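First comes the structure, then the notes that go with it.
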Amino acid sequence: MNAVTAKKGFWGTVWEYLTTTDHKKIAHLYFIGGGFFFVLGGIEALLIRIQLMKAENDFLAAQTFNEMFTMHGTTMIFLAATPLLFAFMNAVVPLQIGARDVAFPFLNALGFWLFFFGGIFLNLSWFFGQVPDAGWTSYASLSMDSSGHGIDFYLIGLQIAGFGTLMSGINFIATIVTMRAPGMSFMRMPMFTWTTFVASGLILFAFPPLTISIFLLMFDRLFGSQFFNVSMGGNTIIWEHLFWIFGHPEVYILILPAFGLFSEIIPTFSRKRLFGYSSMVFATFLIGFLGFMVWAHHMFTVGLGNVANALFAVATMAIAVPTGIKIFNWLFTMWGGSLKITVPMLYALGFIPSFVIGGVTGIMQAVAPLDYQLHDTYFIVAHFHYTIVGGVVFALLAATHFYWPKMFGRMLNERLGYWTFVFFFVGFHMTFFIQHFLGLWGMPRRVYTFLGGQGLDLGNFISSLGAFFMAIGAVILVVNIVLTTVKGKKVTVNDPWGDGRTMDWAISSPPPVYNFKQIPLVRDYDAWWYEKMKGNKELPPSEPLQDIHMPNGSIIPIFISLGLFIAGFGAMYVPSNIVGDGSPWGVVVLVLGLALMFGSMLVRSLRDDLGYYIRKEELEDDVERGGKAI
Amino acid sequence: MEKYSQREIEFRFKKSREEMRSQFISFGLMAFLTVISFIAVGVGFPAQFVIPFLLLLAVIQVLFQFYYFMHAKEEGHGVVMGFMYSGLFTAVLMIIAFLTIIWW
Amino acid sequence: MSHIDLTGKFTIHNWPERPEIATQEGRNKLVGLWLFLGGETVLFATLFATYLALKNRVPDSSHPLTQDLYSLPLVFVMTAVLLTSSLTSVYAIHHMRNFNFKGTQLWFAITVLLGLTFLCLEIYEFYHYVTDYGHTFRSSAFGSAYYFLVGTHGAHVAFGLGWITALLIRNAKRGLNLYNAPKYYMASLYWHFIDVVWVFIFSVVYLMGMV
C-alpha cells in the first residue's frame, strides 16, 4: 500500500495513473490529455488556414470547413485550454497553500476522467462521419437544422466534460478554503491560488447554465421537446442567452488563471515582490464579478433594444479598469527589478503588449453601434485570438517551461524554448494582426472561401503563413519535451530557477507523494522568499513529524465516466431522435450506461474508504529519496 | 480524542433541546408563511400585490431553511454563504434578463 | 492527533459536539456540499428563467394554460409533506449530534417515507395533466419548460431518497462513527435544499400561475 517505496514496471505505472488520486499525477494526466487535444485543435486550425490561403481554394469542402472551425473552437476552449490550466492548478495550488492534496482527491480523479471521456466522445464524431458543424456557439436555430448526429456528439461530449469541469471547480474552492497551511491567511495567498479561486467560483456559477442549455437542445433533438421550436411556442434566443451567460464567464475562467501564472512568473524573474498585491486581488474579484453582467455584448445585433445594449456596453467597458490595474501592476513589478530573461519571462514580456491589443479591440467592440459593423467579421476572430492566444496560450507555454521541473523533475531545454517562443510569437502576430484589417475590409468569419481580387488575397496569405510559423514553434516544443524526457538533466534542487517565491519551490522537484513532510508554517506573503531572505534553508514546520494520512487510489472514477460515456451513445440513438435513425436499443444502452454509472457510485458509497498512513519511521529515512521536505 | 464528563453531556443535551425548540418554532413559522401565501392567492388579491408578496414570503422561508434547518448560523459558514449569495445574485440577474430581454 | 480511528467505537462521552465537522474530511465535505448547492441554485435559476420565458407559450388555444391546469389543494398537500420531511431530517441530525443512532435512523426513515409520498403525488399530478389535458413534455414549449423544471426537482427528490436509503442500509450494522456522521449531515443539507427549491416552485410556478 505504500506508494513511497513501491517500484513498478510499465503496466504498474499505467495502473497507477488509471487509479491515481494524487493531485500531482492528475496534473500529469490533465497535461497529457489537454496537450493531445491542443495538438488536435492546432491541426484543425492549420487545415482552416490552408483552405483560406488563396482565393476560391478547394482544399476543404464547405461542409468540411464548417466542421473544422466548429471542432477547432470547441476543442481549443473545452478540451485544450481548460484542462491545461487544470494541469497547472493541480500541480501547483496544493503546494502553494501548503497542503498534502486537494480537498476531494477522488472527485479530482473523477473530474479528469469525465473530461477525458467527454473529449473522446466529441472527437469520435470524426469516425462516424457526422461532425458538429454549427460553430462552437451552436446557436439553436442552426443546430436544430443540422443533419446527422454531429450536434449530438457536441452536446453529449460537452455535457460529460462539463460535469468534470464543475467538479474540479468545486474541488479547488474547497481546497483553498479548508486546506491552507497555518499562517496562510487569504491575503497571503499567491496570486495563482487567488485566480484559481476566483476562476473556480466562475466555473461554479457559469457551468450550470451550460448544463441546462445543453439539456434543452439535447431534449429538443433527441426527446422531442419544444424549447426551440418556434411554431410550438419555443424561442431560440433562450439558447443564445444561456450560452453566453456561460460563455462569457468561460473566457474569464481561462484568462484569470493565465493572469495568475504571469503574476507568479513576473515577480520571480524580476526578483521583486508583486507590485500592488491587494489591488491585484481586488481586480481579480472585479473581473469575475463583471464577467457575469456582460454576456449580452455577444448579442448586440440580436435586437435586444437600445437600453439593454447600452447597459451591457457600459458594463463591458468597465472591465477595462480592473484589467488595466493588472497590466500596470505587472509593469511596475518589472520596473526597477533585476530582470532575468528566461523563456517563461519572454512569454510574459510578449504577453503584455499582445494582450493589450486584444483588450483594446475588445473595448472597440463594446461600443454597440460599432459592433454592428464588426459583428461576424474577421475583426472579431482577430480580437479573441489576441486575448486567448496572446493571453491564455502564452501563459500555458510560459507555465509549461516554468513548472516543468516541478512537475516532471527535469528542465526543458532553454535554447529550444527560445526558438519556440520566436516562431510562436512572430507567427501569432502574423496570423492574427492582419485579420483585424481583413475584418475591417469586410471579410466575414466562418465562410469557407472568398473571391479573388477583392483585396483579401494578400492578407489571407500572410495570415496562413503565420499559422505555419506557430505550428513550427509548437513542433519545436514537442521535440523539446521528448528530448528532455529522454535525456534531460534531472533537477536536484528544490528551487531550480533560484528565485522561487512561493512554497512550491521549497520542496523537492517533483515533490514526494505527501508533498510536505511536516505542514509548513507561513510567516509572510511569498513564504519561501521570506524564509530565504531570513537565511533559512527550509520552511518552518507547524507540526511535529508524525504519521501522514493519504487517500487511497481508485479505479471507480473511470467506471463512473465510462457509464456516462455509454449512456451518451444510448441517448443519441433513442427512437425519438430528430435524425430518425433511433431504435429501442438506444434506450437499453442508455439505461445500462446509467446503471453502470450509478452502480459505481453506489459501490463507492457503500464501502468505507479510510485511506492509509505513511508511518513516521518511513518518513525519517526518506531523506535520500528526494523526499526531503522540511 | 476529547472526553466529556456527565455534567458536560447534560449541558449539551440541554442546549440541544433548546436548539430543537427553536427549530420547531421556525418550522411553525414556515408552515404559517406557506398557508398565508396559499390564502393570498386563494382570496384573489390583485396581482401587483400578490406577486411581490409571494416572493417576499418565499425569501423569508428560504432564509429560515438556510440559517436554522441547514445550520448556516453556526460558525464556519462565512465563505460558503458568500458563495451562496453570489449564486443567488447570478440567479436573480438571469431571471430578470429572461423576463425582459428574451426578444418576444 | 495522528491516528483517529474514524470507524472505531464511540460513546456519548467521546462524541464531539459537531461530529460532522470533527474531521478534516467532514470540514471539506461541508464546504464542498454548500458550494455544490450554490451551483444548484444557479442551475435551478436557469430552469426558472426558461420556464418564465416559455410560460403559457403554446401553439394554439386548444392547449391548456397555467390557470386551466394547476390545482392548489394538491400542491398544498405536496408542500406540507415536503416541509414536514425537512423538519424530520432536522430531528435526525439533532439525534445524530446527540449520539442517538436509533433516533437518527428512525427520523431519516420517516423523511424517506414523506419524500416517497411527495414523489407519488408528483407522479400522480403529471399523469393527471398528461391524460386529462394532453399537457405533455412534447405538446408545447410551455409543457417542455414546465416538466423540465418540476421534473428536475422531482429527479432531485428521487436521488435524495436513494442517497438517504443507501445511507440507512450501509450504516445499519456500522452504527454512528466519525466516518459516517458527515455523510448523514450532507444528506440532510441536500434534502433541505430540495425543500428550498420547492418553496420557489410552489410560489413562482403554481401560485403565480393562478394569479
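As shown in the C-alpha cells, the chain order sets the letters A, B, ...; within each chain, residues go from 1, and ligands are also counted from 1 in the order they appear.
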DSSP on the backbone: what in range 8-210 of chain C comes out helix (DSSP H, G or I), as a ChimeraX atom specification?
/C:19-21,24-54,66-69,72-97,101-133,141-171,181-210
Quick one: which residues from chain C are at most 8 Å off chain A, using only C-alpha atoms, as number ranges by chain?
C: 2-3, 6, 25, 27-28, 31-32, 35-36, 38-40, 42-43, 46-47, 50, 54, 57-59, 137-142, 144-145, 166-167, 170, 179
Near range 50-62 of chain B, counting only C-alpha atoms, which residues have an atom at most 7 Å away, once you skip same-chain residues fewer than 5 positions from it, shown as a compact mmCIF listing (two decimals) with C-alpha atoms, in the first residue's frame?
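This went into out.txt:
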```
# COMPACT_ATOMS: atom_id res chain seq x y z
CA MET B 30 -42.52 28.42 7.75
CA LEU B 33 -45.92 31.58 5.77
CA SER B 37 -49.22 32.56 0.58
CA ALA B 40 -53.28 35.26 -0.58
CA VAL B 41 -53.76 33.59 -3.93
CA PHE B 45 -55.86 39.83 -4.22
CA VAL C 196 -35.74 25.41 -0.67
CA VAL C 199 -40.59 26.87 -1.93
CA PHE C 200 -39.86 28.72 -5.14
CA SER C 203 -44.60 30.21 -5.20
CA MET C 208 -48.17 32.84 -9.54
```
What residues in chain B have any atom no more than 8 Å from chain C when counting only C-alpha atoms, and can you write them as a PyMOL selection string?
chain B and resi 1-6+9+12-13+16+20+23-24+27+31+37-38+41+44+46-47+50-51+54-55+58+61-62+65+69-70+77+80-81+83-85+87-88+90-92+94-95+98-99+102
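Taking CA of Ile151 in chain A as the reference point, CA of Arg221 in chain A is found at 8.8 Å.
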Name all residues at most 6 Å from range 115-129 of chain A (count only C-alpha atoms; drop same-chain ones fewer than 4 positions away) and give them as a VMD selection string.
chain A and resid 153 to 154 157 160 to 161 164
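Across the model, the gap from CA of Leu29 in chain A to CA of Ala474 in chain A is 19.6 Å.
The space separating CA of Thr88 in chain C from CA of Glu8 in chain B comes to 26.4 Å.
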Which residues come within 9 Å of Pro575 in chain A, counting only C-alpha atoms, excluding same-chain residues fewer than 5 positions away, as an MDAnalysis selection string?
chainID A and resid 222:223 580:587
Emit the selected residues as a PDB file, in the first residue's frame, including N, CA, C and O atoms.
```
ATOM      1  N   LEU A 222     -33.299  15.041 -29.261  1.00  0.00           N
ATOM      2  CA  LEU A 222     -33.364  13.597 -29.034  1.00  0.00           C
ATOM      3  C   LEU A 222     -34.695  13.133 -28.440  1.00  0.00           C
ATOM      4  O   LEU A 222     -35.101  12.005 -28.642  1.00  0.00           O
ATOM      5  N   PHE A 223     -35.372  13.990 -27.686  1.00  0.00           N
ATOM      6  CA  PHE A 223     -36.560  13.516 -26.964  1.00  0.00           C
ATOM      7  C   PHE A 223     -37.827  14.282 -27.341  1.00  0.00           C
ATOM      8  O   PHE A 223     -38.827  14.198 -26.655  1.00  0.00           O
ATOM      9  N   GLY A 580     -33.839  10.405 -36.924  1.00  0.00           N
ATOM     10  CA  GLY A 580     -34.734   9.370 -37.408  1.00  0.00           C
ATOM     11  C   GLY A 580     -34.083   8.009 -37.547  1.00  0.00           C
ATOM     12  O   GLY A 580     -34.619   7.118 -38.196  1.00  0.00           O
ATOM     13  N   ASP A 581     -32.870   7.821 -36.974  1.00  0.00           N
ATOM     14  CA  ASP A 581     -32.244   6.507 -37.077  1.00  0.00           C
ATOM     15  C   ASP A 581     -32.191   5.812 -35.714  1.00  0.00           C
ATOM     16  O   ASP A 581     -31.361   4.942 -35.488  1.00  0.00           O
ATOM     17  N   GLY A 582     -33.093   6.211 -34.828  1.00  0.00           N
ATOM     18  CA  GLY A 582     -33.062   5.645 -33.482  1.00  0.00           C
ATOM     19  C   GLY A 582     -33.656   4.249 -33.449  1.00  0.00           C
ATOM     20  O   GLY A 582     -34.266   3.790 -34.413  1.00  0.00           O
ATOM     21  N   SER A 583     -33.438   3.573 -32.327  1.00  0.00           N
ATOM     22  CA  SER A 583     -34.052   2.266 -32.142  1.00  0.00           C
ATOM     23  C   SER A 583     -34.229   2.038 -30.653  1.00  0.00           C
ATOM     24  O   SER A 583     -33.577   2.706 -29.851  1.00  0.00           O
ATOM     25  N   PRO A 584     -35.105   1.091 -30.299  1.00  0.00           N
ATOM     26  CA  PRO A 584     -35.302   0.824 -28.865  1.00  0.00           C
ATOM     27  C   PRO A 584     -34.001   0.439 -28.179  1.00  0.00           C
ATOM     28  O   PRO A 584     -33.855   0.619 -26.973  1.00  0.00           O
ATOM     29  N   TRP A 585     -33.031  -0.104 -28.945  1.00  0.00           N
ATOM     30  CA  TRP A 585     -31.757  -0.460 -28.341  1.00  0.00           C
ATOM     31  C   TRP A 585     -31.080   0.755 -27.715  1.00  0.00           C
ATOM     32  O   TRP A 585     -30.334   0.616 -26.747  1.00  0.00           O
ATOM     33  N   GLY A 586     -31.342   1.919 -28.307  1.00  0.00           N
ATOM     34  CA  GLY A 586     -30.778   3.143 -27.739  1.00  0.00           C
ATOM     35  C   GLY A 586     -31.176   3.292 -26.288  1.00  0.00           C
ATOM     36  O   GLY A 586     -30.344   3.596 -25.427  1.00  0.00           O
ATOM     37  N   VAL A 587     -32.465   3.051 -26.009  1.00  0.00           N
ATOM     38  CA  VAL A 587     -32.948   3.178 -24.638  1.00  0.00           C
ATOM     39  C   VAL A 587     -32.255   2.169 -23.735  1.00  0.00           C
ATOM     40  O   VAL A 587     -31.850   2.481 -22.617  1.00  0.00           O
TER      41      VAL A 587
END
```
